[in-house]
$ cat target_20.pdb   # PDB, C-alpha atoms (C1' of nucleotides)
ATOM      1  CA  MET A  26     -87.994 -94.783  30.563
ATOM      2  CA  PRO A  27     -86.736 -91.561  29.109
ATOM      3  CA  GLU A  28     -83.971 -89.944  31.153
ATOM      4  CA  LEU A  29     -81.923 -86.912  30.205
ATOM      5  CA  PRO A  30     -80.097 -88.550  27.227
ATOM      6  CA  GLU A  31     -83.335 -89.937  25.772
ATOM      7  CA  VAL A  32     -85.221 -86.656  26.161
ATOM      8  CA  GLU A  33     -82.271 -84.752  24.688
ATOM      9  CA  THR A  34     -82.221 -87.137  21.712
ATOM     10  CA  VAL A  35     -85.934 -86.551  21.139
ATOM     11  CA  ARG A  36     -85.373 -82.800  21.460
ATOM     12  CA  ARG A  37     -82.665 -82.795  18.802
ATOM     13  CA  GLY A  38     -84.829 -84.846  16.482
ATOM     14  CA  LEU A  39     -87.841 -82.593  16.915
ATOM     15  CA  GLN A  40     -85.706 -79.480  16.461
ATOM     16  CA  GLU A  41     -84.784 -80.815  13.005
ATOM     17  CA  LEU A  42     -88.201 -82.193  12.112
ATOM     18  CA  ILE A  43     -90.929 -79.838  13.337
ATOM     19  CA  VAL A  44     -89.484 -76.319  13.628
ATOM     20  CA  ARG A  45     -91.179 -73.902  11.192
ATOM     21  CA  ARG A  46     -94.121 -76.236  10.676
ATOM     22  CA  SER A  47     -97.573 -74.819  11.427
ATOM     23  CA  ILE A  48    -100.275 -76.651  13.352
ATOM     24  CA  ALA A  49    -103.506 -77.323  11.454
ATOM     25  CA  THR A  50    -105.438 -79.627  13.807
ATOM     26  CA  GLU A  51    -105.138 -81.335  17.166
ATOM     27  CA  SER A  52    -106.997 -84.295  18.651
ATOM     28  CA  HIS A  53    -106.536 -86.221  21.885
ATOM     29  CA  ASP A  54    -108.037 -88.595  24.381
ATOM     30  CA  THR A  55    -106.925 -88.815  28.000
ATOM     31  CA  VAL A  56    -103.671 -87.033  28.775
ATOM     32  CA  LYS A  57    -102.890 -85.712  32.228
ATOM     33  CA  GLY A  58    -102.962 -81.922  32.283
ATOM     34  CA  PHE A  59    -104.192 -81.417  28.735
ATOM     35  CA  PRO A  60    -105.905 -79.359  27.749
ATOM     36  CA  ASN A  61    -105.701 -77.483  31.040
ATOM     37  CA  ALA A  62    -107.515 -74.533  29.457
ATOM     38  CA  PRO A  63    -109.489 -75.830  26.434
ATOM     39  CA  ALA A  64    -110.047 -72.379  24.930
ATOM     40  CA  ASP A  65    -106.271 -71.944  24.677
ATOM     41  CA  VAL A  66    -106.029 -74.750  22.137
ATOM     42  CA  ALA A  67    -108.011 -72.857  19.532
ATOM     43  CA  ALA A  68    -106.425 -69.529  20.420
ATOM     44  CA  PHE A  69    -102.753 -70.414  20.866
ATOM     45  CA  LEU A  70    -102.099 -73.900  19.457
ATOM     46  CA  ILE A  71    -104.102 -74.180  16.217
ATOM     47  CA  GLY A  72    -102.509 -71.933  13.612
ATOM     48  CA  ALA A  73     -99.282 -71.476  15.580
ATOM     49  CA  THR A  74     -95.848 -72.290  14.184
ATOM     50  CA  ILE A  75     -93.176 -74.257  16.078
ATOM     51  CA  THR A  76     -90.289 -71.864  16.808
ATOM     52  CA  THR A  77     -87.891 -74.009  18.826
ATOM     53  CA  VAL A  78     -87.709 -77.163  20.955
ATOM     54  CA  ARG A  79     -85.989 -76.920  24.338
ATOM     55  CA  ARG A  80     -85.332 -79.314  27.210
ATOM     56  CA  ARG A  81     -85.051 -78.825  30.969
ATOM     57  CA  ALA A  82     -84.265 -81.964  32.997
ATOM     58  CA  LYS A  83     -86.561 -84.653  31.511
ATOM     59  CA  VAL A  84     -89.137 -82.113  30.322
ATOM     60  CA  LEU A  85     -89.553 -81.097  26.678
ATOM     61  CA  LEU A  86     -90.570 -77.534  25.833
ATOM     62  CA  ILE A  87     -92.044 -76.955  22.383
ATOM     63  CA  ASP A  88     -92.195 -73.194  21.857
ATOM     64  CA  LEU A  89     -94.855 -71.714  19.593
ATOM     65  CA  SER A  90     -95.111 -68.478  17.619
ATOM     66  CA  SER A  91     -98.125 -67.597  19.820
ATOM     67  CA  ASP A  92     -95.738 -67.177  22.792
ATOM     68  CA  TYR A  93     -97.259 -70.307  24.285
ATOM     69  CA  THR A  94     -95.314 -73.501  24.986
ATOM     70  CA  LEU A  95     -96.247 -77.169  25.002
ATOM     71  CA  VAL A  96     -94.650 -78.584  28.154
ATOM     72  CA  ILE A  97     -94.344 -82.376  27.960
ATOM     73  CA  HIS A  98     -93.115 -85.048  30.376
ATOM     74  CA  LEU A  99     -92.813 -88.535  28.864
ATOM     75  CA  LYS A 100     -92.516 -90.281  32.267
ATOM     76  CA  MET A 101     -92.065 -94.056  31.808
ATOM     77  CA  THR A 102     -93.492 -94.921  28.391
ATOM     78  CA  GLY A 103     -94.109 -91.656  26.549
ATOM     79  CA  GLN A 104     -93.021 -91.238  22.932
ATOM     80  CA  LEU A 105     -93.034 -88.212  20.643
ATOM     81  CA  VAL A 106     -92.813 -89.410  17.076
ATOM     82  CA  TYR A 107     -92.925 -87.352  13.898
ATOM     83  CA  ARG A 108     -94.363 -88.877  10.751
ATOM     84  CA  GLY A 109     -93.791 -87.117   7.476
ATOM     85  CA  GLU A 110     -93.189 -89.085   4.314
ATOM     86  CA  GLN A 111     -92.144 -92.290   6.041
ATOM     87  CA  VAL A 112     -94.801 -94.907   6.687
ATOM     88  CA  PHE A 113     -94.690 -97.174   9.713
ATOM     89  CA  GLY A 114     -96.454-100.494   9.826
ATOM     90  CA  ALA A 115     -96.044-104.104   8.758
ATOM     91  CA  GLY A 116     -92.533-104.762   7.530
ATOM     92  CA  HIS A 117     -91.083-101.491   8.746
ATOM     93  CA  PRO A 118     -87.895-101.933  10.823
ATOM     94  CA  ASN A 119     -89.486-100.079  13.733
ATOM     95  CA  GLU A 120     -92.790-101.896  13.595
ATOM     96  CA  SER A 121     -92.285-103.722  16.874
ATOM     97  CA  LEU A 122     -91.624-100.480  18.738
ATOM     98  CA  ILE A 123     -94.197 -98.085  17.393
ATOM     99  CA  GLY A 124     -96.405-100.058  15.059
ATOM    100  CA  LYS A 125     -98.663 -98.216  12.685
ATOM    101  CA  LEU A 126     -99.373 -94.714  13.907
ATOM    102  CA  PRO A 127    -101.706 -93.660  15.307
ATOM    103  CA  ASP A 128    -102.241 -96.776  17.427
ATOM    104  CA  ARG A 129    -104.069 -97.673  20.638
ATOM    105  CA  SER A 130    -101.529 -95.866  22.826
ATOM    106  CA  THR A 131    -101.681 -92.616  20.851
ATOM    107  CA  ARG A 132    -102.889 -89.902  23.245
ATOM    108  CA  VAL A 133    -102.413 -86.746  21.161
ATOM    109  CA  THR A 134    -102.226 -86.222  17.410
ATOM    110  CA  ILE A 135    -100.992 -82.924  16.003
ATOM    111  CA  GLU A 136    -101.396 -82.438  12.276
ATOM    112  CA  PHE A 137     -99.274 -79.853  10.515
ATOM    113  CA  THR A 138    -100.457 -77.802   7.553
ATOM    114  CA  ASP A 139     -98.149 -79.757   5.233
ATOM    115  CA  GLY A 140     -99.928 -83.019   6.093
ATOM    116  CA  SER A 141     -97.254 -84.419   8.419
ATOM    117  CA  TYR A 142     -97.964 -85.449  12.031
ATOM    118  CA  LEU A 143     -96.575 -85.388  15.533
ATOM    119  CA  TYR A 144     -97.857 -88.185  17.799
ATOM    120  CA  PHE A 145     -97.709 -88.344  21.578
ATOM    121  CA  ASN A 146     -97.931 -92.034  22.450
ATOM    122  CA  ASP A 147     -98.006 -93.252  26.038
ATOM    123  CA  GLN A 148     -98.813 -96.835  26.922
ATOM    124  CA  ARG A 149     -99.011 -96.347  30.694
ATOM    125  CA  LYS A 150    -100.605 -92.862  30.679
ATOM    126  CA  PHE A 151     -98.176 -91.506  33.270
ATOM    127  CA  GLY A 152     -96.974 -88.752  30.964
ATOM    128  CA  TRP A 153     -98.417 -85.263  31.019
ATOM    129  CA  MET A 154     -98.679 -82.269  28.728
ATOM    130  CA  ARG A 155     -99.600 -78.630  29.305
ATOM    131  CA  LEU A 156    -100.169 -75.687  27.013
ATOM    132  CA  MET A 157     -99.166 -72.466  28.761
ATOM    133  CA  PRO A 158     -97.629 -69.035  28.163
ATOM    134  CA  THR A 159     -93.891 -69.384  27.564
ATOM    135  CA  VAL A 160     -93.078 -66.852  30.261
ATOM    136  CA  GLU A 161     -94.991 -68.933  32.828
ATOM    137  CA  VAL A 162     -92.977 -72.121  32.292
ATOM    138  CA  PRO A 163     -90.298 -71.331  34.924
ATOM    139  CA  ASN A 164     -93.071 -70.890  37.508
ATOM    140  CA  ILE A 165     -94.465 -74.421  37.455
ATOM    141  CA  GLU A 166     -93.629 -76.445  40.572
ATOM    142  CA  PHE A 167     -91.326 -78.869  38.767
ATOM    143  CA  MET A 168     -89.175 -76.075  37.313
ATOM    144  CA  LYS A 169     -88.893 -74.278  40.632
ATOM    145  CA  LYS A 170     -87.501 -77.254  42.498
ATOM    146  CA  VAL A 171     -85.484 -79.129  39.843
ATOM    147  CA  GLY A 172     -81.689 -79.142  40.251
ATOM    148  CA  PRO A 173     -78.968 -77.982  37.826
ATOM    149  CA  GLU A 174     -78.279 -79.495  34.401
ATOM    150  CA  PRO A 175     -75.337 -81.884  34.832
ATOM    151  CA  LEU A 176     -74.005 -81.529  31.277
ATOM    152  CA  GLU A 177     -73.774 -77.719  31.202
ATOM    153  CA  ALA A 178     -70.218 -76.546  30.560
ATOM    154  CA  ASP A 179     -70.178 -74.353  33.670
ATOM    155  CA  PHE A 180     -71.406 -77.102  36.019
ATOM    156  CA  THR A 181     -68.445 -77.832  38.283
ATOM    157  CA  PRO A 182     -67.475 -80.882  40.387
ATOM    158  CA  GLN A 183     -67.668 -78.644  43.461
ATOM    159  CA  GLU A 184     -71.264 -77.671  42.701
ATOM    160  CA  PHE A 185     -72.081 -81.335  42.001
ATOM    161  CA  ALA A 186     -70.815 -82.483  45.411
ATOM    162  CA  GLY A 187     -72.474 -79.551  47.147
ATOM    163  CA  ARG A 188     -75.926 -80.431  45.795
ATOM    164  CA  PHE A 189     -75.907 -83.719  47.722
ATOM    165  CA  MET A 190     -75.644 -82.068  51.128
ATOM    166  CA  ARG A 191     -79.434 -81.649  51.183
ATOM    167  CA  ARG A 192     -79.766 -85.459  51.167
ATOM    168  CA  SER A 193     -76.838 -86.370  53.396
ATOM    169  CA  LYS A 194     -78.496 -89.242  55.274
ATOM    170  CA  THR A 195     -79.967 -91.174  52.380
ATOM    171  CA  SER A 196     -78.333 -93.623  49.953
ATOM    172  CA  ILE A 197     -76.272 -92.212  47.103
ATOM    173  CA  LYS A 198     -78.597 -93.885  44.601
ATOM    174  CA  ALA A 199     -81.758 -92.349  46.100
ATOM    175  CA  ALA A 200     -80.015 -88.959  46.049
ATOM    176  CA  LEU A 201     -78.932 -89.362  42.411
ATOM    177  CA  LEU A 202     -82.526 -90.136  41.438
ATOM    178  CA  ASP A 203     -83.809 -87.053  43.322
ATOM    179  CA  GLN A 204     -84.489 -84.456  40.627
ATOM    180  CA  SER A 205     -84.023 -81.608  43.107
ATOM    181  CA  VAL A 206     -80.393 -82.662  43.602
ATOM    182  CA  ILE A 207     -79.312 -83.045  39.956
ATOM    183  CA  ALA A 208     -81.616 -82.807  36.920
ATOM    184  CA  GLY A 209     -82.208 -85.683  34.548
ATOM    185  CA  VAL A 210     -80.665 -88.725  36.236
ATOM    186  CA  GLY A 211     -82.827 -91.854  36.188
ATOM    187  CA  ASN A 212     -82.370 -95.522  36.988
ATOM    188  CA  ILE A 213     -80.207 -96.460  34.004
ATOM    189  CA  TYR A 214     -77.584 -93.740  34.330
ATOM    190  CA  ALA A 215     -77.596 -93.885  38.137
ATOM    191  CA  ASP A 216     -76.526 -97.538  37.955
ATOM    192  CA  GLU A 217     -74.082 -96.944  35.112
ATOM    193  CA  SER A 218     -72.339 -93.987  36.750
ATOM    194  CA  LEU A 219     -72.121 -95.708  40.161
ATOM    195  CA  TRP A 220     -70.526 -98.705  38.465
ATOM    196  CA  GLY A 221     -68.087 -96.374  36.715
ATOM    197  CA  ALA A 222     -67.162 -94.694  40.001
ATOM    198  CA  LYS A 223     -67.006 -98.037  41.880
ATOM    199  CA  ILE A 224     -69.511 -96.814  44.470
ATOM    200  CA  HIS A 225     -72.081 -99.127  46.073
ATOM    201  CA  PRO A 226     -75.586 -97.649  45.611
ATOM    202  CA  ASN A 227     -76.447 -98.219  49.293
ATOM    203  CA  ARG A 228     -73.542 -96.073  50.521
ATOM    204  CA  LEU A 229     -74.911 -93.164  52.538
ATOM    205  CA  VAL A 230     -74.275 -89.750  51.027
ATOM    206  CA  ASN A 231     -72.411 -88.554  54.130
ATOM    207  CA  THR A 232     -69.832 -91.349  53.708
ATOM    208  CA  ILE A 233     -68.936 -90.424  50.117
ATOM    209  CA  THR A 234     -65.499 -88.761  49.950
ATOM    210  CA  ASP A 235     -64.647 -85.651  47.935
ATOM    211  CA  LYS A 236     -62.547 -87.822  45.660
ATOM    212  CA  GLU A 237     -65.479 -90.189  45.084
ATOM    213  CA  PHE A 238     -67.820 -87.291  44.265
ATOM    214  CA  GLN A 239     -65.231 -86.045  41.792
ATOM    215  CA  VAL A 240     -65.084 -89.437  40.051
ATOM    216  CA  LEU A 241     -68.881 -89.816  40.110
ATOM    217  CA  TYR A 242     -69.238 -86.381  38.517
ATOM    218  CA  THR A 243     -66.904 -87.378  35.683
ATOM    219  CA  GLU A 244     -68.520 -90.791  35.193
ATOM    220  CA  LEU A 245     -72.054 -89.387  35.150
ATOM    221  CA  ARG A 246     -71.179 -86.809  32.515
ATOM    222  CA  GLU A 247     -69.267 -89.319  30.395
ATOM    223  CA  VAL A 248     -72.012 -91.923  30.494
ATOM    224  CA  MET A 249     -74.738 -89.392  29.670
ATOM    225  CA  ASN A 250     -72.736 -87.863  26.821
ATOM    226  CA  LEU A 251     -72.072 -91.330  25.392
ATOM    227  CA  ALA A 252     -75.767 -92.170  25.693
ATOM    228  CA  ILE A 253     -76.731 -89.025  23.761
ATOM    229  CA  GLU A 254     -74.196 -89.980  21.096
ATOM    230  CA  LYS A 255     -75.859 -93.407  20.848
ATOM    231  CA  GLY A 256     -79.372 -91.966  20.644
ATOM    232  CA  GLY A 257     -80.349 -93.050  24.166
ATOM    233  CA  SER A 258     -81.255 -96.451  25.633
ATOM    234  CA  THR A 259     -84.060 -98.519  24.151
ATOM    235  CA  ASP A 260     -85.197-101.394  26.320
ATOM    236  CA  LYS A 261     -88.899-101.627  25.548
ATOM    237  CA  ASN A 262     -90.668 -98.422  24.663
ATOM    238  CA  TYR A 263     -88.313 -95.546  24.067
ATOM    239  CA  VAL A 264     -87.871 -94.323  20.495
ATOM    240  CA  THR A 265     -86.399 -91.169  18.978
ATOM    241  CA  ALA A 266     -88.477 -88.526  17.205
ATOM    242  CA  GLU A 267     -87.893 -90.517  14.005
ATOM    243  CA  GLY A 268     -89.245 -93.675  15.640
ATOM    244  CA  LYS A 269     -85.809 -95.313  15.885
ATOM    245  CA  ARG A 270     -84.172 -97.277  18.680
ATOM    246  CA  GLY A 271     -81.362 -95.904  20.824
ATOM    247  CA  SER A 272     -78.309 -98.143  21.111
ATOM    248  CA  TYR A 273     -76.744 -97.260  24.473
ATOM    249  CA  MET A 274     -77.851-100.607  25.954
ATOM    250  CA  ASP A 275     -75.238-102.258  23.721
ATOM    251  CA  PHE A 276     -72.628-100.311  25.714
ATOM    252  CA  ALA A 277     -74.099-100.705  29.232
ATOM    253  CA  ARG A 278     -71.691-102.083  31.824
ATOM    254  CA  ALA A 279     -74.086-102.910  34.669
ATOM    255  CA  PHE A 280     -77.687-101.911  33.904
ATOM    256  CA  ARG A 281     -79.817-104.935  32.944
ATOM    257  CA  ARG A 282     -76.681-107.110  32.818
ATOM    258  CA  GLU A 283     -77.398-109.356  35.819
ATOM    259  CA  GLY A 284     -75.662-112.732  35.419
ATOM    260  CA  LEU A 285     -73.211-111.333  32.852
ATOM    261  CA  PRO A 286     -69.543-110.624  33.617
ATOM    262  CA  CYS A 287     -68.408-107.241  34.931
ATOM    263  CA  PRO A 288     -66.402-105.620  32.088
ATOM    264  CA  ARG A 289     -63.693-104.669  34.633
ATOM    265  CA  CYS A 290     -63.195-107.830  36.697
ATOM    266  CA  ALA A 291     -65.487-110.510  35.179
ATOM    267  CA  THR A 292     -67.430-111.031  38.424
ATOM    268  CA  GLU A 293     -71.119-111.652  37.730
ATOM    269  CA  ILE A 294     -73.295-108.544  37.857
ATOM    270  CA  ILE A 295     -76.090-108.911  40.417
ATOM    271  CA  LYS A 296     -79.481-107.246  40.752
ATOM    272  CA  PHE A 297     -81.363-106.183  43.892
ATOM    273  CA  LYS A 298     -83.536-103.322  45.091
ATOM    274  CA  VAL A 299     -82.324 -99.928  46.288
ATOM    275  CA  ALA A 300     -84.740 -97.083  46.971
ATOM    276  CA  GLY A 301     -87.487 -99.316  45.570
ATOM    277  CA  ARG A 302     -85.794 -99.580  42.187
ATOM    278  CA  GLY A 303     -84.131-102.448  40.358
ATOM    279  CA  THR A 304     -80.396-101.908  40.873
ATOM    280  CA  HIS A 305     -77.413-103.529  39.161
ATOM    281  CA  ILE A 306     -73.871-103.682  40.530
ATOM    282  CA  CYS A 307     -70.598-105.549  40.368
ATOM    283  CA  PRO A 308     -70.323-107.035  43.893
ATOM    284  CA  SER A 309     -66.518-107.032  43.646
ATOM    285  CA  CYS A 310     -65.945-103.504  42.339
ATOM    286  CA  GLN A 311     -68.690-101.740  44.316
ATOM    287  CA  LEU A 312     -68.199-102.487  48.007
ATOM    288  CA  LEU A 313     -70.450-101.250  50.791
TER     289      LEU A 313
ATOM    290  C1'  DC B  24     -88.421 -82.391  58.907
ATOM    291  C1'  DA B  25     -86.093 -86.156  56.228
ATOM    292  C1'  DC B  26     -86.856 -90.093  54.291
ATOM    293  C1'  DT B  27     -89.457 -94.176  52.454
ATOM    294  C1'  DT B  28     -93.408 -96.302  50.518
ATOM    295  C1'  DG B  29     -97.522 -96.554  47.692
ATOM    296  C1'  DA B  30    -100.172 -94.936  43.767
ATOM    297  C1'  DC B  31    -100.700 -93.741  39.135
ATOM    298  C1'  DC B  32    -101.652 -97.271  34.385
ATOM    299  C1'  DT B  33    -100.910-100.881  30.884
ATOM    300  C1'  DG B  34     -98.382-104.613  29.095
ATOM    301  C1'  DT B  35     -95.290-108.447  29.390
ATOM    302  C1'  DC B  36     -92.995-112.191  31.250
ATOM    303  C1'  DC B  37     -92.457-116.027  34.381
ATOM    304  C1'  DG B  38     -93.894-119.884  37.171
ATOM    305  C1'  DC B  39     -97.525-123.012  38.385
TER     306       DC B  39
ATOM    307  C1'  DT C  11    -102.781-122.576  26.983
ATOM    308  C1'  DG C  12    -104.501-120.154  31.055
ATOM    309  C1'  DC C  13    -103.975-117.449  35.021
ATOM    310  C1'  DG C  14    -102.101-114.845  38.978
ATOM    311  C1'  DG C  15     -98.376-112.157  40.463
ATOM    312  C1'  DA C  16     -94.222-109.530  39.931
ATOM    313  C1'  DC C  17     -92.087-106.124  37.462
ATOM    314  C1'  DA C  18     -91.027-101.986  34.209
ATOM    315  C1'  DG C  19     -86.870 -96.607  32.805
ATOM    316  C1'  DG C  20     -90.605 -91.348  36.717
ATOM    317  C1'  DT C  21     -92.616 -88.503  40.031
ATOM    318  C1'  DC C  22     -95.834 -87.143  43.614
ATOM    319  C1'  DA C  23     -98.771 -87.677  47.693
ATOM    320  C1'  DA C  24     -99.207 -89.843  51.774
ATOM    321  C1'  DG C  25     -97.263 -92.226  55.546
ATOM    322  C1'  DT C  26     -93.520 -93.253  59.173
TER     323       DT C  26
END
$ encode --input "target_20.pdb" --output "structure tokens"
Amino acid sequence: MPELPEVETVRRGLQELIVRRSIATESHDTVKGFPNAPADVAAFLIGATITTVRRRAKVLLIDLSSDYTLVIHLKMTGQLVYRGEQVFGAGHPNESLIGKLPDRSTRVTIEFTDGSYLYFNDQRKFGWMRLMPTVEVPNIEFMKKVGPEPLEADFTPQEFAGRFMRRSKTSIKAALLDQSVIAGVGNIYADESLWGAKIHPNRLVNTITDKEFQVLYTELREVMNLAIEKGGSTDKNYVTAEGKRGSYMDFARAFRREGLPCPRCATEIIKFKVAGRGTHICPSCQLL
DNA sequence: CACTTGACCTGTCCGC
DNA sequence: TGCGGACAGGTCAAGT
């Protein structure tokens, strides 16, 4: 579920909501990777203060005053929701998305000294979390292999096109989803940017022209920036740090719009599988 | 080696 | 209404 725009939205929310709060208690059930070193929880998590919240690709980095960092991947259904004064539950506008917290999908509960909470919810348990020294974060396998951030100001169209050369014989969609090529692209924004660039997802990378890479670069950045502006895409599970929906799906042109008219030419959007993933295209605009 | 397919989990939706 | 099967936004290990 959460791709770069969703994780960035959560990051911005947490930066506002939890920085300078101190951790009083922590409890959890099964979460992959946590606690990797149980003694570290008492030594470096309890009593620590949140200093900043960063993001790399789809990974959230919650830095602590102990010089340790909580490294969190939400995978498909992870949520990080802060609860201060507001009360979720029956009648609340977000009830259908997060219910009353904690609930049966709550994996980790962090209580701050002021009595507010941060919940890590994850219905499908694919997400993971690690507590580790901040200086060690760049050394984990994911960080070593992940590609460049596509929204950085100094990320050029030339660098974008060049990254794909490592996957020249696969489909453009499979390459877009490969985190070692470009960081943070997932199924939603792969489909949306390919629609924007009028490129069929099954086109092989080595058939994509320089001009097409240029357009794809622009479309990908525009669609991701718009998605951040809209607070991300909520289909089923994703919510912001405040427990709210993201509204990008109201602006989607192809993703999850099968049977509806293409906004450009009114041809019906169709759905099929590419690289094992549900894929949406306009069959008139995106030719093989 | 490059690339594709299953596995990881739970919940929901759809057709019989 | 009940039940089996397909499917869901991510990533890795295992297989071709």
$ resolve_selection --input "target_20.pdb" --expression "the PyMOL selection byres ((chain A) within 7 of (chain C))" --output "list of chain:residue names"
A:Met26, A:Pro27, A:Lys100, A:Met101, A:Asn212, A:Ile213
$ interface_residues --input "target_20.pdb" --of "chain B" --to "chain A" --cutoff "10 Å" --atoms "all atoms listed in the file" --output "PDB file with C-alpha atoms (C1' of nucleotides), keeping the file's coordinate frame"
ATOM      1  C1'  DA B  25     -86.093 -86.156  56.228  1.00  0.00           C
ATOM      2  C1'  DC B  26     -86.856 -90.093  54.291  1.00  0.00           C
ATOM      3  C1'  DT B  27     -89.457 -94.176  52.454  1.00  0.00           C
ATOM      4  C1'  DT B  28     -93.408 -96.302  50.518  1.00  0.00           C
ATOM      5  C1'  DC B  31    -100.700 -93.741  39.135  1.00  0.00           C
ATOM      6  C1'  DC B  32    -101.652 -97.271  34.385  1.00  0.00           C
ATOM      7  C1'  DT B  33    -100.910-100.881  30.884  1.00  0.00           C
ATOM      8  C1'  DG B  34     -98.382-104.613  29.095  1.00  0.00           C
TER       9       DG B  34
END
$ atom_distance --input "target_20.pdb" --atom1 "atom CA of A:Lys236" --atom2 "atom CA of A:Ser196"
17.4 Å
$ axis_aligned_box --input "target_20.pdb" --around "stretch 294-313 of chain A" --padding-each-side "6 Å" --output "JSON"
{"center_x": -76.7, "center_y": -103.0, "center_z": 44.3, "size_x": 33.5, "size_y": 23.8, "size_z": 24.9}
$ atom_distance --input "target_20.pdb" --atom1 "atom CA of A:Gly221" --atom2 "atom CA of A:Pro288"
10.5 Å
$ closest_residue --input "target_20.pdb" --among "A:Glu161, A:Glu28, A:Asp179, A:Glu217" --to "A:Asp92" --atoms "all atoms listed in the file"
A:Glu161
$ resolve_selection --input "target_20.pdb" --expression "the PyMOL selection byres ((chain A and resi 218) around 8)" --output "list in words"
Tyr214, Ala215, Asp216, Glu217, Leu219, Trp220, Gly221, Ala222, Leu241, Glu244, Leu245 and Val248 of chain A
$ residues_near_point --input "target_20.pdb" --point "(-71.6, -101.6, 47.5)" --cutoff "10 Å" --atoms "only C-alpha atoms (C1' of nucleotides)" --output "count of residues only"
16
$ residues_around --input "target_20.pdb" --residues "stretch 31-37 of chain A" --least-positions-apart "5" --cutoff "7 Å" --atoms "all atoms listed in the file" --output "CSV table (one decimal) with C-alpha atoms, in the frame of the given file"
chain,number,residue,atom,x,y,z
A,78,VAL,CA,-87.7,-77.2,21.0
A,79,ARG,CA,-86.0,-76.9,24.3
A,80,ARG,CA,-85.3,-79.3,27.2
A,83,LYS,CA,-86.6,-84.7,31.5
A,85,LEU,CA,-89.6,-81.1,26.7
A,253,ILE,CA,-76.7,-89.0,23.8
A,256,GLY,CA,-79.4,-92.0,20.6
A,257,GLY,CA,-80.3,-93.0,24.2
A,258,SER,CA,-81.3,-96.5,25.6
A,265,THR,CA,-86.4,-91.2,19.0
A,266,ALA,CA,-88.5,-88.5,17.2
$ atom_distance --input "target_20.pdb" --atom1 "atom CA of A:Thr259" --atom2 "atom CA of A:Tyr273"
7.4 Å
$ resolve_selection --input "target_20.pdb" --expression "the PyMOL selection byres ((chain A and resi 284) around 7)" --output "PyMOL selection string"
chain A and resi 282-283+285-286+293-295
$ residues_around --input "target_20.pdb" --residues "A:Asp65" --least-positions-apart "5" --cutoff "12 Å" --atoms "all atoms listed in the file" --output "ChimeraX atom specification"
/A:59-60,70-73,91-95,155-158
$ residues_around --input "target_20.pdb" --residues "A:Ile43" --least-positions-apart "2" --cutoff "9 Å" --atoms "only C-alpha atoms (C1' of nucleotides)" --output "ChimeraX atom specification"
/A:38-41,45-47,75-78,107,137,143
$ write_last_selection --input "target_20.pdb" --atoms "C-alpha atoms" --output "CSV table (one decimal), in the coordinates of the input"
chain,number,residue,atom,x,y,z
A,38,GLY,CA,-84.8,-84.8,16.5
A,39,LEU,CA,-87.8,-82.6,16.9
A,40,GLN,CA,-85.7,-79.5,16.5
A,41,GLU,CA,-84.8,-80.8,13.0
A,45,ARG,CA,-91.2,-73.9,11.2
A,46,ARG,CA,-94.1,-76.2,10.7
A,47,SER,CA,-97.6,-74.8,11.4
A,75,ILE,CA,-93.2,-74.3,16.1
A,76,THR,CA,-90.3,-71.9,16.8
A,77,THR,CA,-87.9,-74.0,18.8
A,78,VAL,CA,-87.7,-77.2,21.0
A,107,TYR,CA,-92.9,-87.4,13.9
A,137,PHE,CA,-99.3,-79.9,10.5
A,143,LEU,CA,-96.6,-85.4,15.5
$ residues_around --input "target_20.pdb" --residues "A:Ser205" --least-positions-apart "4" --cutoff "6 Å" --atoms "all atoms listed in the file" --output "VMD selection string"
chain A and resid 170 to 172
$ write_last_selection --input "target_20.pdb" --atoms "C-alpha atoms" --output "PDB file, in the frame of the given file"
ATOM      1  CA  LYS A 170     -87.501 -77.254  42.498  1.00  0.00           C
ATOM      2  CA  VAL A 171     -85.484 -79.129  39.843  1.00  0.00           C
ATOM      3  CA  GLY A 172     -81.689 -79.142  40.251  1.00  0.00           C
TER       4      GLY A 172
END
$ residues_near_point --input "target_20.pdb" --point "(-73.7, -79.5, 39.8)" --cutoff "10 Å" --atoms "all atoms listed in the file" --output "list in words"
Gly172, Pro173, Glu174, Pro175, Leu176, Glu177, Asp179, Phe180, Thr181, Pro182, Gln183, Glu184, Phe185, Ala186, Gly187, Arg188, Phe189, Val206, Ile207, Ala208 and Tyr242 of chain A
